[in-house]
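J.: Here you go, entry_24.txt (compact mmCIF, C-alpha atoms):
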# COMPACT_ATOMS: atom_id res chain seq x y z
CA MET A 2 -127.84 38.47 -121.99
CA ALA A 3 -130.12 40.67 -123.94
CA ASP A 4 -130.84 39.26 -127.37
CA LYS A 5 -130.96 42.65 -129.03
CA VAL A 6 -128.40 45.34 -129.57
CA GLU A 7 -129.32 49.01 -129.70
CA PHE A 8 -128.36 50.31 -133.12
CA GLU A 9 -127.96 54.04 -133.74
CA LEU A 10 -127.10 55.76 -136.97
CA VAL A 11 -126.29 59.43 -136.51
CA SER A 12 -125.46 62.09 -139.07
CA PRO A 13 -124.33 65.60 -138.13
CA GLU A 14 -127.75 66.87 -139.04
CA LYS A 15 -129.91 64.37 -137.23
CA LEU A 16 -130.42 61.01 -135.61
CA LEU A 17 -131.34 58.75 -138.52
CA VAL A 18 -131.98 55.35 -137.03
CA SER A 19 -132.37 54.27 -133.45
CA GLN A 20 -133.76 50.80 -132.95
CA PRO A 21 -132.95 47.50 -131.30
CA VAL A 22 -131.66 44.95 -133.80
CA THR A 23 -130.61 41.32 -133.60
CA MET A 24 -127.57 41.70 -135.78
CA VAL A 25 -126.04 44.46 -137.83
CA VAL A 26 -123.20 44.22 -140.34
CA VAL A 27 -120.98 47.28 -140.63
CA PRO A 28 -118.40 47.81 -143.39
CA GLY A 29 -115.29 48.39 -141.29
CA ALA A 30 -112.07 49.75 -142.71
CA GLU A 31 -110.45 46.35 -142.30
CA GLY A 32 -113.36 44.15 -143.27
CA PHE A 33 -117.04 43.67 -142.59
CA LEU A 34 -118.04 43.46 -139.00
CA GLY A 35 -121.08 41.59 -137.78
CA VAL A 36 -122.23 42.89 -134.44
CA LEU A 37 -124.30 40.75 -132.12
CA PRO A 38 -125.34 41.53 -128.54
CA GLY A 39 -122.43 41.38 -126.13
CA HIS A 40 -119.80 42.28 -128.71
CA ALA A 41 -116.46 43.39 -127.28
CA PRO A 42 -116.14 47.19 -127.05
CA MET A 43 -114.52 48.56 -130.18
CA ILE A 44 -113.96 51.74 -132.10
CA VAL A 45 -113.74 51.19 -135.84
CA THR A 46 -113.51 53.44 -138.85
CA VAL A 47 -116.23 52.76 -141.38
CA LYS A 48 -115.51 52.80 -145.08
CA PRO A 49 -118.10 53.79 -147.69
CA GLY A 50 -120.47 50.87 -148.11
CA VAL A 51 -123.72 49.30 -147.05
CA ILE A 52 -124.89 48.61 -143.51
CA ASP A 53 -127.15 45.58 -143.26
CA ILE A 54 -129.69 45.17 -140.51
CA TYR A 55 -130.77 41.58 -139.99
CA ALA A 56 -134.11 40.26 -138.86
CA ASN A 57 -134.60 37.95 -135.90
CA ASP A 58 -133.73 34.77 -137.79
CA MET A 59 -130.35 36.31 -138.72
CA THR A 60 -130.60 35.34 -142.36
CA THR A 61 -133.00 37.84 -143.86
CA ILE A 62 -131.96 41.44 -144.16
CA THR A 63 -134.64 43.92 -143.15
CA GLN A 64 -132.93 47.14 -144.05
CA ARG A 65 -129.92 48.16 -146.07
CA ILE A 66 -128.45 51.61 -145.64
CA PHE A 67 -125.66 53.15 -147.63
CA VAL A 68 -123.14 55.21 -145.65
CA ALA A 69 -120.35 57.35 -147.05
CA GLY A 70 -117.84 56.46 -144.37
CA GLY A 71 -117.62 57.43 -140.74
CA PHE A 72 -116.93 55.87 -137.39
CA CYS A 73 -118.48 53.11 -135.38
CA GLU A 74 -118.42 52.72 -131.64
CA ILE A 75 -119.45 49.43 -130.12
CA THR A 76 -120.11 48.98 -126.45
CA GLY A 77 -121.74 45.96 -124.84
CA GLY A 78 -125.33 46.76 -125.66
CA ARG A 79 -125.03 49.51 -128.22
CA VAL A 80 -123.71 50.16 -131.71
CA THR A 81 -123.33 53.77 -132.76
CA VAL A 82 -122.41 54.66 -136.30
CA LEU A 83 -121.42 58.25 -136.96
CA ALA A 84 -121.84 58.80 -140.67
CA GLU A 85 -121.48 61.95 -142.70
CA GLU A 86 -123.89 60.87 -145.35
CA ALA A 87 -126.39 58.07 -145.22
CA SER A 88 -129.27 57.02 -147.41
CA ASP A 89 -131.51 54.05 -147.86
CA LEU A 90 -130.27 51.69 -150.53
CA ALA A 91 -133.56 52.02 -152.38
CA ALA A 92 -133.06 55.78 -152.63
CA LEU A 93 -129.54 55.24 -153.88
CA LYS A 94 -130.71 52.88 -156.58
CA SER A 95 -132.96 55.50 -158.07
CA LEU A 96 -129.90 57.68 -158.69
CA ASP A 97 -128.81 58.09 -162.25
CA ARG A 98 -125.98 55.68 -163.01
CA ALA A 99 -124.67 57.79 -165.86
CA GLY A 100 -124.48 60.79 -163.53
CA LEU A 101 -122.38 58.84 -161.07
CA GLU A 102 -120.08 57.65 -163.79
CA LYS A 103 -119.66 61.22 -164.94
CA ASP A 104 -118.76 62.22 -161.37
CA LEU A 105 -116.22 59.44 -161.36
CA ALA A 106 -114.60 60.68 -164.54
CA ASP A 107 -114.59 64.26 -163.25
CA LEU A 108 -112.97 63.25 -160.00
CA ASN A 109 -110.30 61.26 -161.80
CA GLU A 110 -109.53 64.35 -163.82
CA ASP A 111 -109.38 66.46 -160.65
CA LEU A 112 -107.04 63.95 -159.11
CA ALA A 113 -104.63 64.36 -161.98
CA ASP A 114 -104.76 68.14 -161.49
CA ALA A 115 -104.44 68.06 -157.71
CA LYS A 116 -101.42 69.93 -156.48
CA THR A 117 -101.24 69.60 -152.73
CA GLU A 118 -101.31 66.45 -150.66
CA THR A 119 -104.45 67.63 -148.84
CA GLU A 120 -106.26 68.20 -152.09
CA ARG A 121 -105.34 64.76 -153.39
CA HIS A 122 -106.43 63.18 -150.14
CA LEU A 123 -109.82 64.91 -150.31
CA ILE A 124 -110.43 63.88 -153.89
CA GLU A 125 -109.45 60.30 -153.14
CA GLN A 126 -112.01 60.26 -150.37
CA LYS A 127 -114.73 61.52 -152.70
CA LEU A 128 -113.65 59.00 -155.30
CA GLY A 129 -114.03 56.20 -152.78
CA ILE A 130 -117.57 57.34 -152.01
CA VAL A 131 -118.63 57.45 -155.66
CA LEU A 132 -117.11 54.03 -156.32
CA ALA A 133 -118.89 52.59 -153.32
CA LYS A 134 -122.15 54.12 -154.56
CA LEU A 135 -121.69 52.48 -157.94
CA ASN A 136 -120.96 49.15 -156.29
CA ALA A 137 -123.93 49.49 -154.00
CA GLN A 138 -126.24 50.07 -156.95
CA GLY A 139 -125.40 46.64 -158.22
CA GLU A 140 -126.54 45.00 -155.00
CA THR A 141 -129.93 43.57 -154.29
CA LEU A 142 -132.40 45.39 -152.12
CA HIS A 143 -132.92 42.63 -149.59
CA MET B 4 -143.71 124.64 -136.74
CA PRO B 5 -144.49 121.70 -139.01
CA SER B 6 -147.72 121.91 -140.89
CA LEU B 7 -150.54 119.44 -140.42
CA LYS B 8 -149.71 117.77 -143.68
CA ASP B 9 -146.08 117.23 -142.66
CA ILE B 10 -147.11 115.53 -139.47
CA ARG B 11 -149.63 113.37 -141.29
CA ASN B 12 -146.98 112.25 -143.74
CA ARG B 13 -144.60 111.52 -140.94
CA ILE B 14 -147.19 109.33 -139.20
CA THR B 15 -147.88 107.30 -142.35
CA SER B 16 -144.20 106.75 -142.96
CA VAL B 17 -143.58 105.56 -139.40
CA LYS B 18 -146.60 103.29 -139.69
CA SER B 19 -145.24 101.60 -142.78
CA THR B 20 -141.84 101.21 -141.15
CA GLN B 21 -143.55 99.59 -138.22
CA LYS B 22 -145.24 97.14 -140.55
CA ILE B 23 -141.89 96.14 -142.00
CA THR B 24 -140.18 95.71 -138.65
CA SER B 25 -143.00 93.66 -137.21
CA ALA B 26 -143.04 91.42 -140.29
CA LEU B 27 -139.28 90.95 -140.01
CA LYS B 28 -139.73 90.10 -136.36
CA MET B 29 -142.20 87.34 -137.22
CA VAL B 30 -139.87 85.96 -139.87
CA ALA B 31 -136.92 85.98 -137.49
CA ALA B 32 -138.99 84.25 -134.82
CA SER B 33 -139.94 81.39 -137.10
CA LYS B 34 -136.41 81.06 -138.43
CA LEU B 35 -135.12 81.10 -134.89
CA ARG B 36 -137.30 78.17 -134.02
CA ARG B 37 -136.00 76.25 -137.00
CA ALA B 38 -132.40 77.08 -136.20
CA GLN B 39 -132.91 75.91 -132.65
CA GLU B 40 -134.41 72.65 -133.83
CA GLN B 41 -131.46 72.14 -136.11
CA ALA B 42 -129.01 72.79 -133.31
CA GLU B 43 -130.92 70.30 -131.22
CA ALA B 44 -130.78 67.68 -133.98
CA GLY B 45 -127.04 68.03 -134.36
CA ARG B 46 -126.37 67.44 -130.70
CA PRO B 47 -126.37 63.60 -130.63
CA TYR B 48 -123.60 63.42 -133.21
CA ALA B 49 -121.41 65.95 -131.43
CA GLU B 50 -122.03 64.22 -128.13
CA ARG B 51 -121.01 60.78 -129.37
CA MET B 52 -118.08 62.19 -131.29
CA GLY B 53 -116.90 63.84 -128.08
CA ARG B 54 -117.25 60.60 -126.16
CA MET B 55 -115.32 58.66 -128.76
CA LEU B 56 -112.64 61.28 -128.91
CA ALA B 57 -112.27 61.31 -125.14
CA SER B 58 -111.65 57.59 -124.99
CA LEU B 59 -109.28 57.75 -127.95
CA ALA B 60 -107.37 60.68 -126.54
CA ALA B 61 -107.07 58.89 -123.22
CA ASN B 62 -105.50 55.94 -125.03
CA VAL B 63 -103.16 57.97 -127.18
CA ALA B 64 -102.18 60.46 -124.48
CA GLY B 65 -98.49 60.29 -123.87
CA SER B 66 -97.85 58.22 -126.96
CA LEU B 67 -95.16 59.39 -129.32
CA GLU B 68 -96.99 60.12 -132.54
CA ALA B 69 -100.04 62.17 -131.74
CA PRO B 70 -101.42 63.90 -134.87
CA ARG B 71 -100.49 67.50 -135.45
CA LEU B 72 -104.07 68.64 -135.28
CA MET B 73 -104.02 67.66 -131.63
CA VAL B 74 -100.55 68.66 -130.50
CA GLY B 75 -100.14 71.63 -132.81
CA THR B 76 -97.08 72.69 -134.73
CA GLY B 77 -95.12 73.23 -131.55
CA GLU B 78 -95.12 76.95 -132.18
CA ASP B 79 -97.39 79.79 -131.23
CA LYS B 80 -96.53 82.51 -133.71
CA VAL B 81 -99.29 82.82 -136.25
CA HIS B 82 -102.85 82.99 -135.05
CA LEU B 83 -105.82 82.53 -137.34
CA LEU B 84 -109.15 83.96 -136.24
CA VAL B 85 -112.24 82.52 -137.84
CA VAL B 86 -114.77 85.32 -137.55
CA MET B 87 -118.38 84.26 -137.85
CA THR B 88 -120.88 86.98 -138.59
CA ALA B 89 -124.04 87.16 -140.63
CA ASP B 90 -124.56 88.24 -144.23
CA ARG B 91 -127.21 90.71 -143.23
CA GLY B 92 -127.67 93.43 -140.70
CA LEU B 93 -130.75 94.63 -138.87
CA ALA B 94 -129.90 92.51 -135.91
CA GLY B 95 -128.90 94.97 -133.22
CA GLY B 96 -125.38 94.50 -131.93
CA PHE B 97 -124.95 91.04 -133.41
CA ASN B 98 -122.29 91.79 -136.01
CA SER B 99 -120.67 94.74 -134.33
CA SER B 100 -120.07 92.92 -131.05
CA ILE B 101 -118.24 90.15 -132.92
CA VAL B 102 -116.18 92.68 -134.82
CA ARG B 103 -115.38 94.57 -131.64
CA ALA B 104 -114.22 91.39 -129.89
CA THR B 105 -112.13 90.49 -132.93
CA LYS B 106 -110.44 93.87 -133.01
CA ARG B 107 -109.63 93.61 -129.33
CA THR B 108 -108.14 90.15 -129.81
CA ILE B 109 -106.10 91.26 -132.80
CA GLN B 110 -104.68 94.15 -130.84
CA SER B 111 -103.76 92.07 -127.84
CA LEU B 112 -102.17 89.36 -130.01
CA GLN B 113 -100.22 91.90 -132.02
CA ALA B 114 -99.07 93.53 -128.79
CA GLN B 115 -97.57 90.18 -127.85
CA GLY B 116 -95.67 90.18 -131.12
CA LYS B 117 -97.79 87.51 -132.83
CA THR B 118 -98.94 87.49 -136.40
CA VAL B 119 -102.70 87.48 -136.92
CA LYS B 120 -104.63 86.26 -139.92
CA LEU B 121 -108.35 86.40 -140.47
CA LEU B 122 -110.83 84.09 -142.11
CA CYS B 123 -114.23 85.68 -142.39
CA VAL B 124 -117.50 83.82 -142.60
CA GLY B 125 -120.32 86.19 -143.42
CA ARG B 126 -120.39 89.37 -145.44
CA LYS B 127 -120.90 91.89 -142.63
CA GLY B 128 -117.84 90.90 -140.66
CA ARG B 129 -115.68 90.89 -143.75
CA ASP B 130 -116.83 94.36 -144.78
CA LEU B 131 -116.27 95.83 -141.34
CA LEU B 132 -112.87 94.22 -140.82
CA ARG B 133 -111.64 94.93 -144.31
CA ARG B 134 -111.78 98.63 -143.58
CA GLU B 135 -109.28 98.36 -140.75
CA PHE B 136 -107.21 95.25 -141.50
CA PRO B 137 -107.30 94.75 -145.25
CA SER B 138 -104.04 92.80 -145.35
CA LEU B 139 -104.92 90.29 -142.63
CA ILE B 140 -107.85 88.61 -144.33
CA VAL B 141 -106.68 85.42 -145.99
CA ALA B 142 -110.04 84.08 -147.08
CA SER B 143 -113.71 84.81 -146.70
CA PHE B 144 -116.98 83.02 -147.24
CA GLU B 145 -120.33 84.54 -148.03
CA ASP B 146 -123.82 83.21 -148.24
CA VAL B 147 -122.97 80.32 -145.96
CA GLY B 148 -126.18 78.48 -145.30
CA LYS B 149 -128.28 81.08 -147.03
CA LYS B 150 -131.25 78.80 -147.50
CA ARG B 151 -130.65 76.20 -144.87
CA LEU B 152 -127.42 75.56 -143.07
CA SER B 153 -126.14 72.12 -143.96
CA PHE B 154 -123.14 70.14 -142.90
CA ALA B 155 -121.65 70.66 -146.34
CA ASP B 156 -121.29 74.37 -145.51
CA ALA B 157 -119.28 73.52 -142.43
CA ASP B 158 -117.25 71.07 -144.48
CA MET B 159 -116.35 73.80 -146.94
CA VAL B 160 -115.00 76.04 -144.19
CA THR B 161 -113.20 73.14 -142.55
CA ASN B 162 -111.48 72.09 -145.75
CA LYS B 163 -110.15 75.59 -146.17
CA LEU B 164 -108.92 75.54 -142.59
CA LEU B 165 -107.18 72.19 -143.04
CA GLU B 166 -105.63 73.29 -146.29
CA LEU B 167 -104.21 76.39 -144.64
CA PHE B 168 -102.99 74.36 -141.69
CA ASP B 169 -101.25 71.80 -143.87
CA THR B 170 -99.43 74.48 -145.79
CA GLY B 171 -98.27 75.88 -142.48
CA ALA B 172 -100.13 79.15 -142.81
CA PHE B 173 -100.92 79.29 -139.10
CA ASP B 174 -100.19 77.62 -135.77
CA VAL B 175 -103.30 78.30 -133.74
CA ALA B 176 -106.87 78.69 -134.95
CA THR B 177 -109.66 80.22 -132.92
CA ILE B 178 -113.31 80.62 -133.83
CA VAL B 179 -114.99 83.86 -132.82
CA TYR B 180 -118.75 83.47 -132.79
CA ASN B 181 -121.92 84.36 -130.96
CA LYS B 182 -123.02 81.64 -128.59
CA PHE B 183 -126.75 81.33 -128.26
CA LYS B 184 -127.87 81.93 -124.67
CA SER B 185 -131.49 82.86 -125.18
CA ALA B 186 -133.46 84.75 -127.78
CA MET B 187 -132.51 87.92 -125.92
CA THR B 188 -128.84 87.36 -125.19
CA GLN B 189 -125.87 86.16 -127.14
CA GLU B 190 -122.39 85.72 -125.82
CA VAL B 191 -119.31 86.39 -127.90
CA THR B 192 -117.19 83.27 -127.55
CA LEU B 193 -113.64 82.52 -128.56
CA GLN B 194 -113.04 78.84 -129.07
CA GLN B 195 -109.68 77.39 -129.95
CA VAL B 196 -110.00 74.55 -132.44
CA ILE B 197 -106.44 73.95 -133.64
CA PRO B 198 -104.55 72.52 -131.88
CA PHE B 199 -107.48 70.67 -130.48
CA ALA B 200 -107.58 70.86 -126.72
CA ALA B 201 -108.09 67.26 -125.69
CA PRO B 202 -111.03 66.94 -123.36
CA GLU B 203 -109.79 66.76 -119.81
CA VAL B 204 -109.95 63.19 -118.63
CA SER B 205 -112.62 64.04 -116.12
CA ASN B 206 -114.20 61.60 -113.72
CA ASP B 207 -116.78 60.92 -116.33
CA ALA B 208 -114.38 59.95 -119.08
CA GLY B 209 -112.20 58.03 -116.67
CA GLU B 210 -115.19 56.00 -115.68
CA VAL B 211 -115.98 55.19 -119.29
CA ALA B 212 -112.40 54.24 -120.00
CA GLY B 213 -112.30 52.10 -116.88
CA ARG B 214 -115.55 50.35 -117.60
CA SER B 215 -114.90 49.35 -121.15
CA VAL B 216 -111.46 49.13 -122.65
CA TYR B 217 -111.92 49.55 -126.35
CA GLU B 218 -110.29 47.63 -129.09
CA PHE B 219 -109.32 49.71 -132.07
CA GLU B 220 -109.39 48.80 -135.69
CA PRO B 221 -107.18 50.06 -137.33
CA THR B 222 -104.81 51.58 -134.73
CA GLU B 223 -105.69 54.41 -132.34
CA GLU B 224 -103.45 56.79 -134.24
CA ALA B 225 -105.03 55.98 -137.59
CA ILE B 226 -108.54 56.47 -136.24
CA LEU B 227 -107.50 59.67 -134.55
CA THR B 228 -106.02 61.01 -137.77
CA ASP B 229 -109.40 60.42 -139.40
CA LEU B 230 -111.45 61.55 -136.49
CA LEU B 231 -109.77 64.87 -135.77
CA PRO B 232 -110.67 66.58 -139.08
CA ARG B 233 -114.23 65.32 -138.60
CA ASN B 234 -114.27 66.72 -135.12
CA LEU B 235 -113.05 70.03 -136.45
CA ALA B 236 -115.89 70.02 -138.96
CA ILE B 237 -118.35 69.32 -136.16
CA GLN B 238 -117.04 72.19 -134.11
CA VAL B 239 -117.28 74.52 -137.07
CA TYR B 240 -120.77 73.22 -137.79
CA SER B 241 -122.00 73.72 -134.27
CA ALA B 242 -120.45 77.20 -134.14
CA LEU B 243 -122.27 78.02 -137.38
CA LEU B 244 -125.52 76.72 -135.94
CA GLU B 245 -125.08 78.71 -132.73
CA SER B 246 -124.25 81.77 -134.75
CA ALA B 247 -127.33 81.34 -136.94
CA ALA B 248 -129.61 80.87 -133.94
CA SER B 249 -128.05 83.90 -132.24
CA PHE B 250 -128.51 85.96 -135.36
CA PHE B 251 -132.21 85.29 -135.56
CA GLY B 252 -132.54 85.81 -131.83
CA ALA B 253 -130.77 89.15 -132.07
CA GLN B 254 -132.81 90.12 -135.10
CA MET B 255 -136.03 89.23 -133.39
CA THR B 256 -135.18 91.29 -130.32
CA ALA B 257 -133.96 94.22 -132.38
CA MET B 258 -137.07 94.20 -134.54
CA ASP B 259 -139.30 93.86 -131.51
CA SER B 260 -137.87 96.98 -129.93
CA ALA B 261 -137.96 98.79 -133.28
CA THR B 262 -141.65 97.97 -133.57
CA ARG B 263 -142.25 99.24 -130.06
CA ASN B 264 -140.32 102.44 -130.71
CA ALA B 265 -142.33 103.02 -133.85
CA GLY B 266 -145.52 102.60 -131.81
CA GLU B 267 -144.35 105.21 -129.33
CA MET B 268 -143.43 107.58 -132.11
CA ILE B 269 -146.82 107.20 -133.70
CA LYS B 270 -148.48 107.97 -130.38
CA LYS B 271 -146.35 111.06 -129.91
CA TYR B 272 -146.97 112.37 -133.40
CA THR B 273 -150.69 111.72 -133.18
CA LEU B 274 -150.79 113.86 -130.04
CA ILE B 275 -148.90 116.67 -131.73
CA TYR B 276 -151.11 116.32 -134.77
CA ASN B 277 -154.30 116.66 -132.74
CA ARG B 278 -152.95 119.60 -130.75
CA THR B 279 -151.93 121.41 -133.90
CA ARG B 280 -155.28 120.72 -135.49
CA GLN B 281 -157.15 122.09 -132.48
CA ALA B 282 -154.86 125.09 -132.31
CA SER B 283 -155.50 125.96 -135.91
CA ILE B 284 -159.26 125.58 -135.46
CA THR B 285 -159.18 127.84 -132.40
CA LYS B 286 -157.13 130.36 -134.32
CA GLU B 287 -159.60 130.39 -137.17
CA LEU B 288 -162.52 130.83 -134.76
CA ILE B 289 -160.79 133.75 -133.07
CA GLU B 290 -160.18 135.33 -136.45
CA ILE B 291 -163.82 134.96 -137.48
CA ILE B 292 -165.18 136.23 -134.17
CA SER B 293 -162.86 139.21 -134.01
CA GLY B 294 -163.66 139.96 -137.65
CA ALA B 295 -167.40 139.89 -136.85
CA GLU B 296 -166.92 142.18 -133.84
CA ALA B 297 -164.97 144.69 -135.87
CA VAL B 298 -167.87 145.02 -138.25
Please go through the file and, once you have read it, give me the structure as structure tokens.
T.:
Amino acid sequence: MADKVEFELVSPEKLLVSQPVTMVVVPGAEGFLGVLPGHAPMIVTVKPGVIDIYANDMTTITQRIFVAGGFCEITGGRVTVLAEEASDLAALKSLDRAGLEKDLADLNEDLADAKTETERHLIEQKLGIVLAKLNAQGETLH
Amino acid sequence: MPSLKDIRNRITSVKSTQKITSALKMVAASKLRRAQEQAEAGRPYAERMGRMLASLAANVAGSLEAPRLMVGTGEDKVHLLVVMTADRGLAGGFNSSIVRATKRTIQSLQAQGKTVKLLCVGRKGRDLLRREFPSLIVASFEDVGKKRLSFADADMVTNKLLELFDTGAFDVATIVYNKFKSAMTQEVTLQQVIPFAAPEVSNDAGEVAGRSVYEFEPTEEAILTDLLPRNLAIQVYSALLESAASFFGAQMTAMDSATRNAGEMIKKYTLIYNRTRQASITKELIEIISGAEAV
């Protein structure tokens, strides 16, 4: 069995990452998901959070990428994450925390004003992303 | 008979027009290249999304609770046409061919007794359609992707679509846009997006499904409910990209022929100018000579 799994991170605008990795941890909708070579084929929804790419020894993290939700398809030798928004954790950390908190407050206000079910659903999604961003800022880089 | 000065003025004015059209052609050519690159870059996502959707649809097919975005409202009364044109003109038949196709579709749908609503993306299409069908337009967007088309633009249009769909404003949605064939040719395309026509389980998809049976987390239905709006956004996004690329292609071709026409005009006027000049010189000479003979 190959000891690497092909990891691809794709946004609608471009192919962001495409590299063989030893292990990658994806924030699935129902819990984190560590993918090693030979994983059973799966399709999983991804919630806003951080994707960790592990180095060969499987303990050190080489890259952490924040994604704002999406979908993940796993086949034997390949992991494909379709994300709408993705950024390196380092880039996310440089964001202004106060700005994010303001967004959070604004969205909460919008939620209270939302009239239709669709509108509420959309705002809740955005809220989830901002919350996940705030959480991610608290995490370490590696 | 125009005087020499008139012709000279005419030549200068055509020359400056030619400068403008050739500059616009260069601009369109470089923007076209960028738009093509962008369309290229968006392809992997759409491809994988399609693959995922095919395997999901194959699993859900025949199940009881398929999402409404896929099966539709069960009716076929109200049609929504999403008309994609540009904000600017000077692109040959780009906008007018879309508008013509839209008018034809509206007429044929209305002849079948269906209600038609319009959602316009782009100023030109809105202006042209508003003249004839002012009551049909439910919403319109302008300046979409004015600087650089991003996925957020597509998202904006999609959210409006979903909102209208959820409130039951329409049963069937179709995008009317220019598909990019080459820099010279665009093809007006009508693409139905709601209800989403599930990709035919072709040999290809069947093979995929047979080779690897996926596990789903959470359930197929839940993923599908999430995936379908995304897929809609992707389809809107790729239609916008195609439309942008077509626009620059059309503009480039139109400006190229305008530049050529201006060149021909300049040649023609220069000929007339020289003839007139010679004629007037000859006339003057004749006058002088005959004057001298008379004396």
J.: Quick one: pull the distance between CA of Leu165 (chain B) and CA of Ser58 (chain B), Å, one decimal.
T.: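 Computing the Euclidean distance for CA of Leu165 (chain B) and CA of Ser58 (chain B) yields 23.6 Å.
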J.: Give the residues of chain B that lie within 7 Å of chain A; count all atoms listed in the file, and format the answer as a VMD selection string.
T.: chain B and resid 44 to 45 47 to 48 154 166 215 to 221 226
J.: Grab the residues selected above and save them as a short mmCIF file (atom, residue, chain, number, x, y, z; two decimals), in the coordinates of the input with C-alpha atoms.
T.:
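The file below, result_22.cif, is the result:
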data_model
loop_
_atom_site.label_atom_id
_atom_site.label_comp_id
_atom_site.auth_asym_id
_atom_site.auth_seq_id
_atom_site.Cartn_x
_atom_site.Cartn_y
_atom_site.Cartn_z
CA ALA B 44 -130.78 67.68 -133.98
CA GLY B 45 -127.04 68.03 -134.36
CA PRO B 47 -126.37 63.60 -130.63
CA TYR B 48 -123.60 63.42 -133.21
CA PHE B 154 -123.14 70.14 -142.90
CA GLU B 166 -105.63 73.29 -146.29
CA SER B 215 -114.90 49.35 -121.15
CA VAL B 216 -111.46 49.13 -122.65
CA TYR B 217 -111.92 49.55 -126.35
CA GLU B 218 -110.29 47.63 -129.09
CA PHE B 219 -109.32 49.71 -132.07
CA GLU B 220 -109.39 48.80 -135.69
CA PRO B 221 -107.18 50.06 -137.33
CA ILE B 226 -108.54 56.47 -136.24
#
J.: Could you check the closest approach to Asn98 (chain B) for each of B:Ala42, B:Leu231, B:Val17, B:Ala253 and tell me which residue wins, using all atoms listed in the file?
T.: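 When distances to Asn98 (chain B) are compared using all atoms listed in the file, the smallest one comes from B:Ala253.
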J.: Mind pulling up the distance from CA of Gly252 (chain B) to CA of Ala186 (chain B)?
T.: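 Between CA of Ala186 (chain B) and CA of Gly252 (chain B) the gap works out to 4.3 Å.
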J.: Rounded to one decimal place, report the CA of Glu223 (chain B)-CA of Leu72 (chain B) distance in Å.
T.: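 Atom-to-atom, CA of Glu223 (chain B) and CA of Leu72 (chain B) are spaced 14.6 Å apart.
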J.: Taking N, CA and C atoms as the atom set, what does region 182-196 of chain B look like once completed, written as a CSV table (one decimal), in the frame of the given file?
T.:
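Listed below is the output, out-v2.csv:
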chain,number,residue,atom,x,y,z
B,182,LYS,N,-122.4,82.8,-129.2
B,182,LYS,CA,-123.0,81.6,-128.6
B,182,LYS,C,-124.4,82.0,-128.2
B,183,PHE,N,-125.3,81.1,-128.5
B,183,PHE,CA,-126.8,81.3,-128.3
B,183,PHE,C,-127.1,81.1,-126.8
B,184,LYS,N,-127.5,82.1,-126.1
B,184,LYS,CA,-127.9,81.9,-124.7
B,184,LYS,C,-129.4,81.8,-124.6
B,185,SER,N,-130.0,82.9,-125.1
B,185,SER,CA,-131.5,82.9,-125.2
B,185,SER,C,-131.8,83.8,-126.3
B,186,ALA,N,-133.1,83.9,-126.6
B,186,ALA,CA,-133.5,84.8,-127.8
B,186,ALA,C,-133.0,86.2,-127.5
B,187,MET,N,-132.9,86.6,-126.2
B,187,MET,CA,-132.5,87.9,-125.9
B,187,MET,C,-131.0,88.1,-125.9
B,188,THR,N,-130.3,87.1,-125.4
B,188,THR,CA,-128.8,87.4,-125.2
B,188,THR,C,-128.0,86.4,-126.0
B,189,GLN,N,-126.9,87.0,-126.5
B,189,GLN,CA,-125.9,86.2,-127.1
B,189,GLN,C,-124.6,86.5,-126.4
B,190,GLU,N,-123.7,85.5,-126.5
B,190,GLU,CA,-122.4,85.7,-125.8
B,190,GLU,C,-121.3,85.5,-126.8
B,191,VAL,N,-120.4,86.5,-127.0
B,191,VAL,CA,-119.3,86.4,-127.9
B,191,VAL,C,-118.3,85.4,-127.3
B,192,THR,N,-118.0,84.4,-128.1
B,192,THR,CA,-117.2,83.3,-127.6
B,192,THR,C,-116.0,83.1,-128.4
B,193,LEU,N,-114.8,82.9,-127.8
B,193,LEU,CA,-113.6,82.5,-128.6
B,193,LEU,C,-113.3,81.1,-128.3
B,194,GLN,N,-113.3,80.3,-129.3
B,194,GLN,CA,-113.0,78.8,-129.1
B,194,GLN,C,-111.9,78.4,-129.9
B,195,GLN,N,-110.9,77.9,-129.2
B,195,GLN,CA,-109.7,77.4,-130.0
B,195,GLN,C,-110.0,76.0,-130.5
B,196,VAL,N,-109.7,75.8,-131.8
B,196,VAL,CA,-110.0,74.6,-132.4
B,196,VAL,C,-108.7,73.8,-132.9
